[in-house]
Structures are given as C-alpha cells and as structure tokens.
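Engineer: This is the structure I want to talk about, given as structure tokens.
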Amino acid sequence: MSQKFRLESGGLINRDKPVTFSFNGHELKGYDGDTLASALIANGVHLVGRSFKYHRPRGIMSAGPEEANALLQLGEGAYTEPNARATMEELFDGLVATTSNAFPTVKYDIGEVNSLFSKIFVSGFYYKTFMWPSKAWKFYEHFIRKAAGIGKAPEEHDPDFYDKTNAFCDVLVVGGGPAGLSAALSAAATGAHVTLVDDQPRFGGSLMAQSGQEIDGKPALEWVDEAEAKLHDLDNVQVLRRATAFAYYDHNYVGIWERLTDHLPVKPEGLPRHRVHMMRAKQVIIASGAIERPLVFCDNDRPGIMLASACRTYVNRFGAKPGNKGVIFTNNDSAYATVLDLIDAGIEIKAVVDVRKDPLGPLMEKADAAGVKILTNSAVVGTSGRLHLKSVEVAELSDDGETAKSDVTEIACDFLGSSGGWNPTVHLHCQAGGKLDFDEERGAFVPAPSNRTNPNISVGSCKGAFGLADCLAQGFEAGQEAAKAAGIKFRKSGKAPTAEAVDEGNRRLLWLVPGKKPLGQSGKHFIDLQNDSTAADLQLALREGYRSIEHVKRYTTTGMATDQGKTANVNALAIVAQTLNEAIPTVGTTTYRPPYVPVTFGAIAGRDIDDLLDPARTTPMHSWHVNAGAEFEDVGQWKRAWYFPQPGEDMHAAVNREVAAMRNSVGILDATTLGKIDVKGKDAAEFLNRVYTNAWTKLGIGKCRYGLMLGEDGMVMDDGVTSRIAEDHFLMTTTTGNAAPVLGHLEDYLQTEWTDLEVYLTSVTEQWATASIAGPNARALLSELTDDIDLSNEALPFMAWTPGTVAGIPARVFRISFTGDLSYEIAVPADYGLALWQALMTAGSKYDITPYGTETMHVLRAEKGFIIVGQDTDGSITPVDLNMNWIVSKKKGDFIGKRSLDREDMSDPNRKQLVGILTDDPKEVLPEGAQLVEVVKDKPPMDMVGWVSSSYWSPNCDRSIAMALVHGGLKKMGQKLYSPQADGRVIECTITDTVFYDKEGNRQNG
Amino acid sequence: MKNRYSIFSLIRNAFSYHQEWPPAWRSPEPKKSYDAVIVGGGGHGLATAYYLAKNHGMTNIAVLEKGWLGGGNTARNTTIIRSNYLWDESAKLYEHSVKLWEGLSQELNYNVMFSQRGVLNLAHNQHDLRELSRRINANRLNGVDSEFLNPEEVKKFCPAIDLRGGGRYPVLGASLQRRGGTARHDAVAWGYARAADELGVDVIQNCPVLGFESHADGSITINSGKGPIKAGKVGLVVAGHSSVIADMAGFRLPTESRPLQALVSEPMKPCIDTVVMSNAVHAYISQSDKGELVIGAGADAYISYGQKGSGHQTEHTLAAICEMFPQFRRVKMMRQWGGIVDTNPDASPIISKTPVANMFINCGWGTGGFKGTPGSGWTFADLIASGEPDDMNAPFKLDRFKTGYLVDEHGAAAVAH
Ligand SMILES: Cc1cc2nc3c(=O)[nH]c(=O)nc-3n(C[C@H](O)[C@H](O)[C@H](O)COP(=O)(O)OP(=O)(O)OC[C@H]3O[C@@H](n4cnc5c(N)ncnc54)[C@H](O)[C@@H]3O)c2cc1C
C-alpha cells in the first residue's frame, strides 16, 4: 500500500472502500470520501502542475474552491474536462487525471524557460514589446497563445446531458456549516419552505476540518448528523448537496449548480450530469463561510506550501498528512489549531513562525504549553526546494515590520502552512448589490447591514463571526427573521444551539512580509498564484500610473484567474493601499461577479439545446409534405415546405414545374404559418385605423383588405390581409416570421398609449390551418368540395371572405391572392388541416393539382411585383419608396409612423425606390443581394445606386426578372445599370416597373 | 516619445529591477481653463484628445473621467473589430477605423494586440444568406474586404464549429472579413492616454462632470467634481451615460441605455482561432490570448444603468454557443458581467454639433463601438477642431432623427458587435 502520507486512523473517509485512480499515468489508491487532492496528498504527490506564466512547479495549496494551483485535466475523449480543481473533485474508482500546462511532463516542463526571462516578463511587458516589425504581432501571438491557456477543451460532442429547473422557496440557506444548519433548522421549525444547499458531499462545513468542537454538549459532527436527519425528515425542507449557489441576481434570484454524477464511477443512465436550479427565494440567508488568506512572503509558491487551514483539513477530514515535518507561519491565533491537530496526528512541527510581537490567544497558549517552538516577531523570508519544499529561512522582523533582520535561520521542512487571517466569503452578498464594511481589527471586508435593495442576511464567518458560538446564534436568529420576512406566521420557540465562546486572540496585519532583499530583487512574493502576479508587479503597476484598483488588477492580471482571486484580492488591495499610503477601504475592492466558481456551459444551457434550443414549429400538413419529399426552409421558427422535387429534379427544375403548373391549372400552398391575430372589441376598427396606413372603418363585414404597418420611424414593418368578421371583430394576418413582434408591438400600443380603446388581441396562428389554392382551375376545384358557398364573382368577389363548409369541414374561405391568379385561402380548425389538404389533393388530381413551396410562391408573387416585407424592405423603406402611395391615407387623423413620413428627408426624390430590373441577357439571373452601379470602375470603390432584393427565373415570362431598390429609381425607367460580381463579371441590366406578368391583372378573376 | 517602449527598454529596466519606469501618464490637477475639454475617458474620449493634439495641434486640452480610464464599455467589451458594415456611410467610418487599427500599436508605441484573425458572420437560413450576399457585395464595392464561405470552407477556416450544431441552426454559409479580428481593450485606453499625455493633454481621473454653464462669449464652464473648469469647446463622449450628460447640458437625445452582457470561460489551450458571430442565435465567440473563450450576449430589453444584466441572457447565450459548439458544454464559465450600451433608433452613432454652442457629442455606438474607437476619435477631433461636419461625420448628425436621414444598420446585425 503506497499511501505513505496517510495517517493510521481518523478522517471522514471510508477505509473499507479503497478506490483506484490514475494521475499522469500512474495508478494510485485512495479511499471513498477522499477528494482527488486529498488522495494525491496521501500518496505524497506534491507536484501537480505548473503556473500560468512562468511555469513554476506548483502543488496543492488549499482544500476548497479557492484552489489556485491544482487545476487538472479530468477524464478522456468526449468526457474530458479542463481545469478541474483537484480539491473539489470527489475521488471515484477509475478517475483519470493529468497535469495541465506542462510539456512533456510536470517534472521536466519546457515552459519553465519562461522563468529564466521572468526579469523581463514582468506585468504588462507585452504592452511594451512585440511591436516590431509592424505586421509581426500575429507571429508573436501564435506562440503566446500556445503557451497560454491551462487545460484542453474537449473536441467531441458532449455525450452527457444537463438539466435545469425553475424553483422557489420561502427561505434559501446557502452553506451547510454550523451557521447555515442552525439557520435552516430554525427557519424550518416555523413551517417555512426551506432549501439548504452546500457545495460539499456532506454537511458540516468547517466543522469537518476541525477537532474537539462541541455543540449542545455533543461532538460537533454528531450534532451535524442529527441536524441533517431532522431536516431530512421535514416535508418543508429541500436539501441539496454538491450544490453551489453561484450567482445572485436581482430580486433574490439565485442560480444553484448541482453536480449529480461527477463523483460516481458508473454514471446511472438517465441522470443528468449537472442540474442548475434557478431559485426564486423570498428570503436568502448566506452562510458561506470564510476563506483563509495566505501570507505574502518571498517564494511562497513552492509545492508543499499551503494554507494552514488546508493542512488541518487534510489531517482531520481526510486522514492525510501534508508532510512529515512542517513549519506554520501565521499572524493570528487560528493557525495554532492546525499546529495542535497536526501534533496530535504525530506530525512534527519544526516551528511556528509568528509575526506578532506578543502573540495572544488560547490556542497559542496551548501550543506553547505543549512545547512547540514559537518564533515571535519573526517571518519566513525565503524558501528553497525546486519541485518540493526543502527548507524555509526565518528572520526576526524590524519594529515596523517593513524589513527583516539579516540574521537568518534555515529550518528544514517539507511543508509550510500559512495563515494571514480570514476573508469572509462575501461574493454572493456583493453580487446581490450588498455593500462592504472594513473591519480594521481583523483586516477583513464584512457585509454591511442588509437594506431594502439588498435584503439578504449573512450569518456566521461570512459575516466576520469566526467563533462557533456566534455562528450558531446568528444562524438561529436569521432563520426566524427570514421566515417572518417571508410572511410565515409562527410563535417564536426553541433556542439557538450553543457552543463555548472562544477568544480569537490578537493579530498583526503584515500584508507584505519582507524578504532578505528589497522587493523584486531576489525571489518572488506571489499574490495571485495562478496568474503569477507578484507584489513587485503590483508596485510596478502603481509606479507606472495604474493606480485604480481596477487598473492594477488589469495591468497585473491579479484576481483574473479561474479562482477569481479568492486568496489574492484582499492581499493585493491591501498592498496597493499600503504602497499608496491610503486606507484599505479607500482603495476598495474590484467587483464580485458571477459565477462564484466556474460553472459548466452545459448546466447553464440546461435543456435548451438541440431541438429545444428554439421550438421548430410545423403545420398540421407537415407529415404530408415530408412524405411528398419536400425540402424545407426555416422561416422564423417554422419549417416551411420550400419546394417539392420529383425524382431527378433540382430546385430549379422543381420550381419551374411548380410555377408553370399553378399558372396553367391549379397549385396548392400550405399557408398555415402566416401569423394570425384575432382583433376584437368595440374599438377594433379604430385600432386598425391607427396601426395601418390605410382606412379601415368603412370595410364591410365579409370583406378583406391589404394593409401596411409602419414602425414609429415610418418604415415598413409588416404587411398582410385583414378581414372583417363582424362589426367589432377582425382577423389580421402577418408575415410568418414577424407574428410575435407584431403582436408585441400592438399590445405595447394598446397597453401604454391607447388605454382608451377597448380592443382584445389573441394570437390564433396555431388555431387555424390554411391551404391556398391558386390557378385558373381553383374555382372548379373548390366548387367540388363545397355545396354551401356560392363561388361566383358576384357572391364572393376578390377581397371578400365567407364562412362555409369545405370537404365537410367548417371553414373560412378567403378570396385573396398572392400569386395574381384566381386564388382561395381555405382556413379550417388546425386539427382538420391534414384532412382538408388530402381532400383538396384527391379532388384536385383531375386538374393535376401541384403542391408548391415557398420558393415557387416567391417567383409567382415577383412576377406580379408583390413585395415580401423583410426581403424587399429592410427597415429603411417607406410605403412611398415602394411606390405604394395609394395605401397611405391622406385623410386619416393619425397612424403609427405618420409623423415620421412627414420628415423632410422622406420626400427626397433620390431615396431608394423599388423598381423592376431586367437583365440585358434574359438568361442571366442576377444574384439576390447583388449591388448596382451606374458607372463601372476598374476596381472598388464604386458608387452604388441600389441593390437587388428579389431575383428569379420566371418560366411564365421565359426570362429572368428582378426587383431592386435604386436611388431615385422611379424616375429612371429605362436607364441602364451594371452589377459588378465578385468574380469580375459585370451583369448589365435595365430599370423597368415591377409588374412583369399579367400587367392588366385579369387573371385573378379566373 | 520620451520613454519609448521596446524589448530593449524592457531589458534595460530589468537591470534596475523595473524601478525606473516612469508613469504612463501624469495625474495632473485640472487647470482653470482649457481650449477644449473632452468629457469621458473611455477609448473614444481618449482617442479624440489624442487626435486633437496630434492632427490639430490643440494641446491645451483635458479629458475628464469620472472614474478610472477606460472603465466604461471600453473595459467590458468583447473587442470584435470589423468594418464589413452595410451602408456606405458606416463602411467609410469603420473602414477608416480598421486602417488606423492596422498601425495603432506603432502609432501609440503601445501594443494594443490588434490580431487580424478574421471575423465570420454565420448564415443559418435562406434569409440570412440573402442578407449576407447583399452585405458582402456592398463591402466589396466599398473597398472593404469581405468574402463568402460555403459550409465546407467555414469548417476548414474554423474546425471547431459543428456545421449541424445541435440541429436547430445549421450553418449554411458565412461571410469572412480576414482583416477583422480582436484587440486588447485596456491597452487601447491606456495607449491613447499615454500618447495624449505625452502630447501635453491633461488626463484627469476621478473627476465627474456634474453640469454646464454657457457664457455669452461662447465658452462653457464645466462644473466638475474637482471644481469649475472653463472650456472653449466641449466634446461629450460618455457612451452609456450620454442621455444623462445631454440632460445636464439641456438637450435631448434619441438614445436609450441598456445592459449588454459578456462572459468568459476558463482559460484553455487554443481551440478557436478566429471570431465567430451569429446574429440568429445572438452569440459571438472568440478566444483571448490568455485562452479564455470570450462570449458576447444579447442586450437586455429594459432600460437600466446597472452594469450586470439579467441571468436569462447568460442562459440563452450559452445555449446558443452549445448549439454551434456542442463540445463546449463541458467547458466552464468563469466570469460574467455587463456594460451599459447607448443605442440609437438606427443603430448608428451620433457624431454631431449640439443645440449648445461649442458643444459636440459623440455617442450611440451601442453594442459595437470598440472597433470604431480610432476612427471615432479621429473624426470627432476633426469636428471639434473645425466646428463643422465633414464628409465622414456629416451623415451621423443629431438632426437626422428629425429629418429622417437614418443610417439603419439593424439589418446588418441586430446586436452589432
Ligand atoms: C458586453 C459588451 C460587449 C461589447 N462588444 C463589442 C465588440 O465586440 N466590438 C465592438 O466594437 N464593440 C463592442 N461593444 C461596444 C463598445 O464597448 C462601446 O461601443 C465602446 O467601447 C464605447 O467606447 P466609449 O469610449 O465611447 O465608452 P466608454 O468606454 O463607456 O467610456 C465612457 C466614459 O465616460 C465616463 N463618464 C460617464 N459619465 C461621465 C461624467 N458625467 N463625467 C465624466 N465622465 C463620465 C465613463 O465613466 C466612461 O469611462 C461592447 C459593449 C459591451 C458592454
């Protein structure tokens, strides 16, 4: 058994369940209950990675989410995951981990040459060089990019799936340490719906790392188990483990990231890998604890140097030894708890180096009594050991702490635990908009009291209450307070769990521990371990004028690594304050942003992927189109039949056939996708008057009218036919892609501008299926399927509609036409859509009825010069530009866009206007989107006068036809234009009017 | 330049442990009066000051910034640079800008890391393809490089893309501007600040502008956090706070301010070597030199000055990214933030005189003004110096919203990064 650094006993690991895993190709053993980090430590693996910039050898430095060094590549192939923090990954059988950012191996890494140049590679060096020769940046950048980055992105489609749920509760408690448990218990006792989340697999928080604590007279972990059991039994409590509250948005909207399968050797089928709970909580209690802050001393980054609390966690929670003989370096009493526990575990503590002149504190006293060597007013001024810590150098401090005395003692050791005090985990509090106060005594930012805009309550050590007794009391009180604020009625009862209050002792805030030489001259005082930024870098930034803390952060990249400065930021800003001679709160913090820890894209996307990214909408006739071999195009969310190729046909051939068939006999189009809005209410006609450019009040019942809708800017926004169903009832149609925006636009006006109108809008797009039949035989066909509708021109003239029965189905038949031919749109309740279609196909077979798709529809309408909004308009085109003056009422009082149409530039005769275009070579079809010029030059730039919006081969005209928007085009009939193509060809063409076929318009009467 | 940056100066300074580097800019107290004062120390404001000094010899000028230099949208944007805009007026302005970008590091002697890694704009349906074709043709005839790539060519240019994506938004083609790319945002603000300072411009931080007072002689007193400052001319360049500052000066803008979000992943080894944009799904992605995926999201629909934005935008954006790059579902988001963008009804900027004599405004760059920084500064300096519009900035005058001469770039990009 190779776990050389595993203690004989102790820890919350299951020694009966050994686990095999691999690290950098070596097979290693650990136990169930280990993290990857604790297992590596138990195996004596001290070197795990390389730093970002200098590729310095690095080891595990923490036991929590603040880990800055141990970022490993987990898993292989499609399952690989970059930058996993070894301290947060639970060990399982078969786990595969490798070092990132090292080549060829973590021991011998080429990147380490960067260290040789570290004197040049100071902060911001890249802003000062790589500028010569002037085009060479891409060349330099290539190498810089290769060297940068940490892990490798997966390259295969992720086989896992992720889930997301929207949830709510009365009281959300973040953190399952003593404060959080106490809060959850007291809130739950009121009957409130409580959700308790914790990022670890088990509750207890800091208690798991400690020893000898008692709550209510019981061993603390026993109390935790009982609390957990109690919460488990309550129906009003939801408990989430392995769940991190990562984002806190406005109005108590909290994102919680739960990891369901990452820790399992065999991932159960059907279980998502991660699940995000988007939690809307009435009240939030934050009990997220505190993170220890390292001391900043010379060469403080060697493998074996870690947080004092991490040493304690490894010993107490995992039964793993950080080393055999250690030094503890501290400025406060809490690190002595580590000292005592480590000694208990049989680990030799060579010395405690304490920067305090007269250290006070109960734990220190105990250690002293136990005979631990305590060096006061002293500091670690240097370290040695390339791949693993070998020794530290200790010297006495000057009075002001700014320099160290020259008398240096070397102490051999294989690990060092450092403690510079504690930073409350205020991230969520700040994300929610909470402010911070600075606690001068503890040298820590603590949440300012909650207020109306930030009503959440912080309790326990994330509030700066580091004693167990305070944590329990605050949690209890906050639980009741939150329940009350959430509107739960209850009688106060019970009492807070208790623990012995302990004196915290004194501290000496020594933000920058002096080295043997002036800062920056030998060795490195790392602030941000992952990004390799040092105290000298901070001072360089300040010297160069980057004084705002945001400038310092950005210039030195401090706090910008994957840990987002959890152990770096407060040290950095304190050193900045010290250098600038300012107070720490004056310098202030950088902004705390989501997420608290990195969260997988997949989890945030949840189920909104693949087919669920955006619903694909299909019509009731869709299956028929599929069976008929249709090709589809996406229009908005809809799948529309694009064309119906027969065997051997390409799109061109299919469209030519479809176009001709419709004009010669009868064609059928699925028009279901057009947006339909039911407009009802006594002011419906007046409402339409205001939203369309033309007049509506006089439209008779049973009649239809085409309308153009403008935006406030006077530009065409949508068009469609609206029919009057009854005095107070209209049915509006919109373009397929625009239905939702149009409804939004209309509702906006109704609800905010025209509150005096009584109008109700209902989207009925999904309620109706519509088949449009068009062609000379349309009437004959329809007459076979109806016996209660008079289809004569007199009874059902163009632009009229009637209810009736078609193929035995109740229907609305509209005599409207987008093809220029005789045409009926037959709308039936959606469920009958397919039946209607089939009936029409069956009855139509004797007329060779031909289904056609959107492409053919486009050609047919272009032959008639009908526009498509969004294709022949682009948000910059007015009705006048479209030569549709006739549709703009001059008499109406007002309509949306009217005022804008009166602006002076709107009547500029040189605006772009819609015209027809005929190529000189009738066989040549202009590409849509082609640009037009009056004068061709050898090379660009050339002055463009317009662009081709629609262009097709027209079988009925036996030539190409096009529409274009051309500056002053309406006055330029017959003028020649040229279209220079990307391949150098120039297509010559001539301006004409937009109606290419059936100019007299006789065909629509059949 | 007194203290030129180069590899040699770096080596030289290494010998003195980098103790001798001079400040990149002075931190002067404001003088009582200046010939011109620029309000807003973002990239645009600093560039304006630099070109006023450099191109027009106006050196008795100051930039007033309420917080830290470049702390607004300059510090928050996804740094996409391109000039493949649809309309002639925009193409001219943005292309001028890209040309300036191409020599900017040398011009400023500050490496702004302009990386011409190409910008792809994806088409996902027939409508997109038509729009793409129109824009590519317009770009080409305006002398702006732009080409069409079919799906196979897209895959070759950016192997990380899954052409079928999750199936909902397959890639049918793309436009490519090879000269487009990204740059280092902070460096742009810092480089301009340093170069302007060198020419004598007073760059003053922590100095909010609180109000204005016009005088009969045409001068304007600026009421600032550091006391009153008199100015012959005033240029307002405050992006997300434009309507606020216009209100102080007593005129109105058609500009709306709303949060626009961005996010980055953890740093990874190179996996995307270009910029990919998709308007249809509202997602934009590139990879920074540090290795983070830099991802731009859509703008929130509501008006706000809170620089964070709402959670659902992040959810939607990452869903869209997972559609185009399903392999990135296992990648982790490291940080998410927001900036306040100033959007005009036609999605084009205002570079204009104002109803107040000797006061000029440059705003409304909205979601896509980083790329315009050098060109914007250049042409705004021209306008301030001469007092009259010229060919480049005339189309962007304020009164176009009254006359109707809009430069509507919505068609080109709903969110135009
Ligand atoms: C998330 C996001 C992504 C983006 N992505 C891109 C992109 O990929 N490509 C692109 O080209 N553009 C992008 N943009 C847009 C781009 O960032 C901006 O258009 C551009 O940076 C604006 O520059 P600026 O200098 O005008 O504004 P800012 O950098 O915002 O500068 C304005 C300055 O004015 C100061 N100020 C405000 N009020 C006062 C006052 N009263 N007194 C003194 N000072 C004041 C502010 O503090 C601020 O520093 C993005 C924007 C965001 C938010």
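Ordering of the structure tokens sets the chain letters (A, B, ...), residue numbers begin anew at 1 in every chain, and ligands are numbered from 1 in the order given.
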Among range 846-980 of chain A, which ones does DSSP place in strand (DSSP E or B), written as a ChimeraX atom specification?

Structural biologist: /A:850-851,912-919,931-933,944-954,959-967,976-980

Engineer: Given the selection you just returned, output its residues as a file containing C-alpha atoms, formatted as a PDB file, in the first residue's frame.

Structural biologist:
```
ATOM      1  CA  THR A 850     -49.460  20.621 -57.898  1.00  0.00           C
ATOM      2  CA  PRO A 851     -48.211  21.310 -54.396  1.00  0.00           C
ATOM      3  CA  LYS A 912     -34.080  54.293 -52.706  1.00  0.00           C
ATOM      4  CA  GLN A 913     -37.219  53.180 -54.527  1.00  0.00           C
ATOM      5  CA  LEU A 914     -38.486  49.794 -55.554  1.00  0.00           C
ATOM      6  CA  VAL A 915     -38.222  49.111 -59.275  1.00  0.00           C
ATOM      7  CA  GLY A 916     -38.138  46.141 -61.579  1.00  0.00           C
ATOM      8  CA  ILE A 917     -34.874  45.081 -63.188  1.00  0.00           C
ATOM      9  CA  LEU A 918     -34.435  43.173 -66.428  1.00  0.00           C
ATOM     10  CA  THR A 919     -31.026  41.806 -67.312  1.00  0.00           C
ATOM     11  CA  GLN A 931     -25.265  45.656 -55.878  1.00  0.00           C
ATOM     12  CA  LEU A 932     -25.929  48.012 -58.774  1.00  0.00           C
ATOM     13  CA  VAL A 933     -23.794  50.856 -60.099  1.00  0.00           C
ATOM     14  CA  MET A 944     -23.541  52.014 -55.563  1.00  0.00           C
ATOM     15  CA  VAL A 945     -27.003  53.218 -56.525  1.00  0.00           C
ATOM     16  CA  GLY A 946     -29.015  50.247 -55.407  1.00  0.00           C
ATOM     17  CA  TRP A 947     -29.270  46.534 -54.703  1.00  0.00           C
ATOM     18  CA  VAL A 948     -31.234  43.556 -55.929  1.00  0.00           C
ATOM     19  CA  SER A 949     -33.760  42.399 -53.349  1.00  0.00           C
ATOM     20  CA  SER A 950     -35.552  39.649 -55.309  1.00  0.00           C
ATOM     21  CA  SER A 951     -34.416  37.820 -58.410  1.00  0.00           C
ATOM     22  CA  TYR A 952     -35.691  34.696 -60.165  1.00  0.00           C
ATOM     23  CA  TRP A 953     -36.009  32.839 -63.357  1.00  0.00           C
ATOM     24  CA  SER A 954     -39.609  33.334 -64.441  1.00  0.00           C
ATOM     25  CA  ARG A 959     -36.674  35.197 -68.755  1.00  0.00           C
ATOM     26  CA  SER A 960     -35.109  36.425 -65.559  1.00  0.00           C
ATOM     27  CA  ILE A 961     -36.897  39.030 -63.504  1.00  0.00           C
ATOM     28  CA  ALA A 962     -35.737  41.041 -60.533  1.00  0.00           C
ATOM     29  CA  MET A 963     -36.703  43.746 -58.135  1.00  0.00           C
ATOM     30  CA  ALA A 964     -34.287  46.255 -56.748  1.00  0.00           C
ATOM     31  CA  LEU A 965     -34.146  49.289 -54.541  1.00  0.00           C
ATOM     32  CA  VAL A 966     -32.477  52.045 -56.521  1.00  0.00           C
ATOM     33  CA  HIS A 967     -31.773  55.665 -55.655  1.00  0.00           C
ATOM     34  CA  LYS A 976     -29.063  51.073 -67.688  1.00  0.00           C
ATOM     35  CA  LEU A 977     -27.375  49.765 -64.565  1.00  0.00           C
ATOM     36  CA  TYR A 978     -24.459  47.432 -64.004  1.00  0.00           C
ATOM     37  CA  SER A 979     -23.815  44.822 -61.393  1.00  0.00           C
ATOM     38  CA  PRO A 980     -20.130  44.011 -60.819  1.00  0.00           C
TER      39      PRO A 980
END
```

Engineer: Residues within 7 Å of ligand 1 should be enumerated using only C-alpha atoms and all ligand atoms and returned as a PyMOL selection string.

Structural biologist: chain B and resi 39-45+64-81+207-210+237-241+245+259-262+296+338-341+363+365-373+417

Engineer: Hey, which of B:Lys54, B:Arg258, B:His312, B:Arg117 ends up closest to Arg179 in chain B? Count only C-alpha atoms.

Structural biologist: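 Closest candidate: B:Arg117.
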
Engineer: Can you work out which one of B:Gly173, B:Gly218, B:Pro228, B:Gly181 has the shortest atom-to-atom distance to chain A, counting only C-alpha atoms?

Structural biologist: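 Residue with the minimum atom-to-atom distance to chain A: B:Gly181.
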
Engineer: Residues near range 777-780 of chain A, anyone? I mean within 10 Å using only C-alpha atoms, not counting same-chain ones fewer than 5 positions away, as a list of chain:residue names.

Structural biologist: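 Skipping anything fewer than 5 positions along the chain leaves A:Met662, A:Arg663, A:Asn664, A:Ser665, A:Val666, A:Gly667, A:Ile668, A:Ser772, A:Leu785, A:Leu791, A:Ser792, A:Asp821, A:Leu822, A:Ser823, A:Tyr824, A:Gly844, A:Tyr847, A:Asp848, A:Ile849, A:Asn1005, A:Gly1006.
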
Engineer: Write a file of the just-selected residues containing N, CA and C atoms, as a tab-separated table (two decimals), in the first residue's frame.

Structural biologist:
```
chain	number	residue	atom	x	y	z
A	662	MET	N	-49.05	25.89	-61.65
A	662	MET	CA	-50.04	26.75	-60.99
A	662	MET	C	-50.69	27.69	-61.99
A	663	ARG	N	-49.88	28.30	-62.83
A	663	ARG	CA	-50.47	29.26	-63.78
A	663	ARG	C	-51.34	28.52	-64.81
A	664	ASN	N	-51.01	27.27	-65.11
A	664	ASN	CA	-51.75	26.56	-66.15
A	664	ASN	C	-53.00	25.88	-65.63
A	665	SER	N	-52.95	25.42	-64.37
A	665	SER	CA	-54.13	24.71	-63.89
A	665	SER	C	-54.43	25.11	-62.45
A	666	VAL	N	-53.81	24.40	-61.49
A	666	VAL	CA	-54.04	24.79	-60.10
A	666	VAL	C	-52.87	24.29	-59.24
A	667	GLY	N	-52.46	25.15	-58.34
A	667	GLY	CA	-51.39	24.78	-57.40
A	667	GLY	C	-51.92	24.92	-55.98
A	668	ILE	N	-51.24	24.28	-55.05
A	668	ILE	CA	-51.68	24.35	-53.66
A	668	ILE	C	-50.49	24.62	-52.74
A	772	SER	N	-53.87	27.24	-49.50
A	772	SER	CA	-54.17	28.23	-50.52
A	772	SER	C	-54.16	27.53	-51.87
A	785	LEU	N	-65.89	20.70	-53.67
A	785	LEU	CA	-65.78	20.32	-52.27
A	785	LEU	C	-66.73	21.10	-51.35
A	791	LEU	N	-69.56	30.48	-55.19
A	791	LEU	CA	-68.22	30.92	-55.54
A	791	LEU	C	-68.20	31.90	-56.70
A	792	SER	N	-69.37	32.35	-57.12
A	792	SER	CA	-69.40	33.26	-58.27
A	792	SER	C	-68.69	34.57	-57.92
A	821	ASP	N	-53.16	35.13	-59.57
A	821	ASP	CA	-54.16	34.27	-60.21
A	821	ASP	C	-55.37	34.14	-59.30
A	822	LEU	N	-56.42	33.60	-59.87
A	822	LEU	CA	-57.60	33.30	-59.08
A	822	LEU	C	-57.17	32.40	-57.91
A	823	SER	N	-57.55	32.80	-56.72
A	823	SER	CA	-56.99	32.07	-55.58
A	823	SER	C	-57.92	32.10	-54.39
A	824	TYR	N	-57.97	30.99	-53.67
A	824	TYR	CA	-58.77	30.92	-52.43
A	824	TYR	C	-57.87	30.43	-51.31
A	844	GLY	N	-58.33	17.31	-56.50
A	844	GLY	CA	-57.57	18.08	-57.48
A	844	GLY	C	-56.82	17.23	-58.47
A	847	TYR	N	-57.18	17.80	-62.03
A	847	TYR	CA	-56.60	19.05	-62.57
A	847	TYR	C	-55.07	19.04	-62.46
A	848	ASP	N	-54.55	17.87	-62.15
A	848	ASP	CA	-53.10	17.79	-61.92
A	848	ASP	C	-52.66	18.79	-60.86
A	849	ILE	N	-53.42	18.85	-59.80
A	849	ILE	CA	-53.07	19.81	-58.75
A	849	ILE	C	-51.63	19.60	-58.32
A	1005	ASN	N	-59.35	37.08	-61.64
A	1005	ASN	CA	-60.78	36.81	-61.71
A	1005	ASN	C	-61.07	35.44	-62.31
A	1006	GLY	N	-60.01	34.74	-62.69
A	1006	GLY	CA	-60.19	33.38	-63.17
A	1006	GLY	C	-60.62	33.35	-64.63
```
